[in-house]
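Comments concern the structure below.
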Amino acid sequence: MIPQKTVQEIIETAKIDDVIQDYISLKRRGVNMIGLCPFHNEKTPSFTVSPTKNIFKCFGCGMAGDSAKFLMEHESVSYPEALRFLAKKYGIEVQETQVTPEMRAEQQLEDSLYIINEYAKQYFVNTLFNTDIGKSVGLNYFKERGYREETIKKFGLGFTLETPDAFTQKAIKAGYNIELLKKLGLASQYGKDFFRNRVMFTIHNLSGKIIAFAGRIMVKNVKAPKYINSPETDIYHKSKILYGAYFAKKSIRQNDECILVEGYTDVISLHQAGIENVVASSGTSLTEGQIGLIKRFTPNIKILYDGDAAGIKAALRGLDMVLEQDMNVKVVLLPEGEDPDSYLQKVGTNSFNEYINKESKDFILFKTDLLISEVGNDPVKRAGLVKDIVMSIAKIPDPLKRSVYLKECSRLMEMDEQVLTTETNKFVSLLIRKKKQEWERKQRQERRGQPKPSDDPGFPSEYPITGGGISAPDYETPSEPSKVKKTSDEFKEKDIARILISGGSELFDKDEGISIAEFLLSNIEEILDDFDNEIYGKIVKECLSLLVNKQQISSQYFISHPNNEISQTAIDLLHTPFEFSPGWERREIFLNTQKAPELNFTEDSRSALLRFKLNKVKKVWKKNQERLKDLKSDDDFTKITKILKVQKKLSTMIEELAKELGTVVL
Ligand SMILES: [Zn+2]
């Protein structure tokens with residue numbers, strides 16, 4: 001373990017901007033530096049680095065922390081590894097002490113596993129290049145596949161002999177522990193070699209360490225499986241590994257796309273041909289862990305399917321999971337009888353690239369097309385098809401994306417878009433409810449356990465966002481059970497109060513001579529009694545009476561207000577003009593204006609007002625919805641009709657307000 005004192009020294013010495021600029025380019029913006037976030041896909045930079053506070057924070061995806069945290073996420077290393085890396089960079093000596101025997105044992109075990117795997121790889125490589133049988137069978141096989149020697153070496157390809165215990169004996173003689181060889185699956189329970197007479201593929205983790213092997217059988221007509229893999233160990237978790245990811249990660253980031261294939265040989269062939277952003281799920285269907293791995297580098301996946309894969313439909317079903325993670329999925333169907341490897345050999349790199357770009361289809365549209373061609377005009381099957389598609393669409397967290405798909409699918413299926421939308425929304429609300437329950441359960445668990453230390457560095461107040469004080473639009477997506485909900489009105493009320501006391505007397509419209517206060521107050525006069533927060537309500541009402549009495553609304557008036565609560569709140573409001581509502585950083589917020597709020601009262605008051613109104617209308621709508629639920633079927637029918645009419649009107653209002661705000665509502 002690294003002593004706490006050293007940890008501190010490392011973190012303090014490591015300059016955050018210096019560390020991060022090794023990986024991404026940053027530009028100065030005021031006292032901070034900004035750049036494109038490496039942890040999520042973005043076109044305008046919201047990744048902010050504060051050299052003074054020595055921390056980073058992304059305002060798009062919420063990732064935040066110090067230098068070590070950055071390395072951990074960016075390079076997929078552990079905390080100690082990140083610290084050691086930084087120590088090396090800054091020439092700090094690390095004396096690792098205070099290790100408990102268990103920790104040392106665990107660390108030593110892990111280190112030993114890596115060391116043995118490295119030894120095994122050397123052995124397999126050596127057998128491939130330096131034995132007769134290795135050369136004639138193994139090397140020949142790889143060369144027939146068109147692999148160049150440098151490719152074979154880069155990927156650590158190898159060979160194992162037929163002899164039952166050639167490797168195990170050699171390893172024991174070299175001093176390696178037989179129990180660990182068994183643990184790694186290199187030796188069987190009886191001390192024989194696990195991999196025999198096979199060409200070997202080395203499997204790396206993201207930082208390039210060897211964690212496992214796969215062996216492909218070389219003898220034909222044997223009942224043994226074509227491929228065998230190392231078992232799960234402390235260092236190898238199949239569901240979280242993608243073959244080739246170590247070699248692909250840089251290119252995935254650069255291309256902002258990850259190509260997914262099935263086999264090891266596909267990865268190697270494509271890589272050798274210069275298509276380096278490629279990984280393989282190694283035959284298994286994609287797991288959540290694997291998707292998470294890809295998502296760290298890009299939200300875009302392109303999946304290549306063999307042309308004759310009978311199981312395409314089943315494979316497609318598994319892809320809903322990818323949609324749920326808000327990733328963009330494209331699929332490419334290769335010509336009949338071809339896999340990526342064979343097709344590449346056949347047509348060459350240029351034509352291959354051209355093909356996968358031209359033939360790539362959006363997953364949902366591809367699926368819709370495929371299913372339509374299957375069900376024909378059978379009405380029962382058609383209903384099943386609709387459900388199938390709609391469920392996929394519902395899993396997309398982004399409502400805007402959903403609506404685009406609904407439009408396109410309704411065209412493809414020749415169905416009314418409204419019907420599809422209604423169906424989709426049913427699933428969406430189901431999903432939201434499920435996620436909410438999950439989230440609440442987690443909250444309860446957390447409350448019962450230790451309070452979690454907040455990793456929010458709470459900075460930077462100087463971040464250049466206008467309307468920064470304004471909380472995010474209130475649309476829901478399944479992935480964000482929102483804690484803001486209950487108090488979101490208060491945040492909007494706070495914005496209005498702040499704008500009024502800090503800039504109420506500024507001109508809203510120069511030509512008409514209307515002040516900000518006049519504009520705001522005339523618009524909310526009738527809902528002044530609906531403020532959730534009493535003190536903000538009081539301030540706003542007082543502004544109104546000042547206005548009516550033709551008195552100046554000024555910050556000084558409120559700061560020296562005789563009511564202590566009001567003066568304190570006023571100071572608060574004026575002091576923290578850039579405060580964000582809780583949870584806002586989890587949402588993608590796009591603001592149109594980039595000036596500091598003080599310079600932008602007009603824009604701010606306009607949008608603050610719209611948001612405020614939108615929320616109030618939504619509230620009434622929800623209340624009515626509850627009332628509708630409570631009504632019994634034998635209740636007065638005219639009552640139901642009346643509420644429904646009101647709801648329709650409110651819905652239109654919500655839509656209009658949202659449109660004006662440039663947001664999307666469910
Ligand atoms: Zn980000």
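Residues are referred to by chain and number: the chain letter is A, B, ... according to the order shown in the structure tokens, the number counts from 1 in that chain, and ligands are numbered separately from 1 in the order shown.
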
Distance limit 7 Å, reference ligand 1, atoms considered: only C-alpha atoms and all ligand atoms. Which residues make the cut? Give them as a ChimeraX atom specification.
/A:37-40,46-47,58-63

Please provide as a PyMOL selection string all residues within 10 Å of range 344-347 of chain A, with the sequence filter that same-chain residues fewer than 4 positions apart are discarded (counting only C-alpha atoms).
chain A and resi 145-146+266+269-270+273+338-340+351-353+355

File of the preceding selection, N, CA and C atoms, as a tab-separated table (two decimals), in the first residue's frame:
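Contents of selection-v1.tsv, freshly written:
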```
chain	number	residue	atom	x	y	z
A	145	ARG	N	-3.64	-17.47	-43.48
A	145	ARG	CA	-4.65	-16.46	-43.22
A	145	ARG	C	-4.17	-15.08	-43.65
A	146	GLY	N	-2.94	-15.03	-44.07
A	146	GLY	CA	-2.42	-13.75	-44.56
A	146	GLY	C	-1.78	-12.89	-43.49
A	266	ASP	N	-11.04	-12.41	-37.07
A	266	ASP	CA	-11.60	-11.22	-37.71
A	266	ASP	C	-10.89	-9.97	-37.20
A	269	SER	N	-7.28	-9.78	-38.63
A	269	SER	CA	-7.25	-9.46	-40.06
A	269	SER	C	-7.56	-7.99	-40.31
A	270	LEU	N	-8.64	-7.52	-39.69
A	270	LEU	CA	-9.03	-6.13	-39.90
A	270	LEU	C	-7.95	-5.19	-39.38
A	273	ALA	N	-5.18	-4.87	-41.67
A	273	ALA	CA	-5.54	-4.11	-42.86
A	273	ALA	C	-5.71	-2.63	-42.56
A	338	GLU	N	-19.91	-15.20	-46.20
A	338	GLU	CA	-18.66	-14.53	-45.84
A	338	GLU	C	-18.65	-14.14	-44.37
A	339	ASP	N	-17.46	-14.21	-43.76
A	339	ASP	CA	-17.28	-13.56	-42.46
A	339	ASP	C	-16.31	-12.40	-42.70
A	340	PRO	N	-16.14	-11.51	-41.71
A	340	PRO	CA	-15.31	-10.32	-41.95
A	340	PRO	C	-13.92	-10.68	-42.49
A	351	SER	N	-12.31	-1.90	-50.79
A	351	SER	CA	-13.67	-2.34	-51.08
A	351	SER	C	-14.39	-2.75	-49.80
A	352	PHE	N	-13.63	-3.34	-48.89
A	352	PHE	CA	-14.22	-3.76	-47.62
A	352	PHE	C	-14.75	-2.55	-46.86
A	353	ASN	N	-13.89	-1.54	-46.75
A	353	ASN	CA	-14.30	-0.31	-46.07
A	353	ASN	C	-15.53	0.31	-46.72
A	355	TYR	N	-17.75	-1.17	-48.47
A	355	TYR	CA	-18.92	-2.01	-48.24
A	355	TYR	C	-19.52	-1.75	-46.85
```

Can you tell me which residues surround range 201-218 of chain A at a distance of at most 6 Å, considering only C-alpha atoms, apart from same-chain residues fewer than 6 positions away, and format the answer as a list of chain:residue names?
A:Gly156, A:Leu157, A:Lys226, A:Tyr227, A:Ile228, A:Asn229, A:Ser230, A:Ile235, A:Tyr236, A:Tyr246

Please measure the separation of CA of Met391 in chain A and CA of Ile301 in chain A, giving the value in Å to one decimal.
20.0 Å

Would you compute the distance between CA of Glu110 in chain A and CA of Ala82 in chain A? Give it in Å to one decimal.
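So the answer is 16.9 Å.
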
Within 9 Å of Tyr536 in chain A using only C-alpha atoms, minus same-chain residues under 4 positions, as a list in words:
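Contacts, with the query itself left out: Glu490, Glu493, Lys494, Ile496, Ala497, Arg498, Phe531, Asp532, Val540, Lys541, Ile566 and Thr569 of chain A.
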
Enumerate as a PyMOL selection string all residues of range 68-241 of chain A assigned to helix (DSSP H, G or I) by DSSP on the backbone, naming them with the chain letters and numbers the document uses.
chain A and resi 68-75+79-89+101-130+132-144+149-154+166-173+178-183+238-240

Could you give me, as a compact mmCIF listing (two decimals) with C-alpha atoms, in the first residue's frame, the residues within 8 Å of Tyr176 in chain A, counting only C-alpha atoms and dropping anything in the same chain fewer than 5 positions from it?
```txt
# COMPACT_ATOMS: atom_id res chain seq x y z
CA ILE A 116 2.88 -16.80 -15.21
CA ALA A 171 6.92 -24.24 -16.18
CA LEU A 181 -0.83 -23.00 -13.20
```

List as a PyMOL selection string the protein and nucleic acid residues near Arg84 in chain A, meaning an atom at most 10 Å away when only C-alpha atoms are counted, but skip any in the same chain fewer than 4 places from it.
chain A and resi 2+7+10+68+78-80+88-90+92-94

Output C-alpha atoms of each residue in that selection to a file, as an mmCIF file, in the first residue's frame.
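Wrote it out as out-v5.cif, contents follow:
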```
data_model
loop_
_atom_site.group_PDB
_atom_site.id
_atom_site.type_symbol
_atom_site.label_atom_id
_atom_site.label_comp_id
_atom_site.auth_asym_id
_atom_site.auth_seq_id
_atom_site.Cartn_x
_atom_site.Cartn_y
_atom_site.Cartn_z
ATOM 1 C CA ILE A 2 1.152 3.511 -0.704
ATOM 2 C CA VAL A 7 -0.545 9.718 -1.852
ATOM 3 C CA ILE A 10 1.583 12.699 -5.464
ATOM 4 C CA ALA A 68 -5.502 9.893 -10.268
ATOM 5 C CA SER A 78 -6.549 0.817 -10.547
ATOM 6 C CA TYR A 79 -6.041 3.599 -8.013
ATOM 7 C CA PRO A 80 -2.596 2.380 -6.886
ATOM 8 C CA LYS A 88 7.001 8.093 -11.789
ATOM 9 C CA LYS A 89 6.057 11.066 -13.943
ATOM 10 C CA TYR A 90 6.925 13.519 -11.185
ATOM 11 C CA ILE A 92 8.331 10.919 -6.395
ATOM 12 C CA GLU A 93 9.706 7.923 -4.588
ATOM 13 C CA VAL A 94 7.067 5.486 -3.471
#
```

Residue with the minimum atom-to-atom distance to Met415 in chain A, picked from A:Ile294, A:Met200, A:Leu573, A:Leu385 with only C-alpha atoms counted, is A:Leu385

Go through A:Glu262, A:Glu542, A:Asp234, A:Asp529 one by one, measure the shortest atom-to-atom distance of each to Ser281 in chain A using only C-alpha atoms, and give the residue with the smallest value.
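Distance minimum relative to Ser281 in chain A lands on A:Glu262.
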
Tell me which of A:Ile516, A:Leu319, A:Ile372, A:Leu420 sits closest to Leu544 in chain A, counting only C-alpha atoms.
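Smallest separation from Leu544 in chain A among the options: A:Ile516.
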
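One finds CA of Pro399 in chain A at 16.6 Å from CA of Ser651 in chain A.
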
DSSP-assigned strand (DSSP E or B) among range 7-110 of chain A, expressed as number ranges by chain:
A: 27-29, 32-35, 47-50, 55-58, 64-65
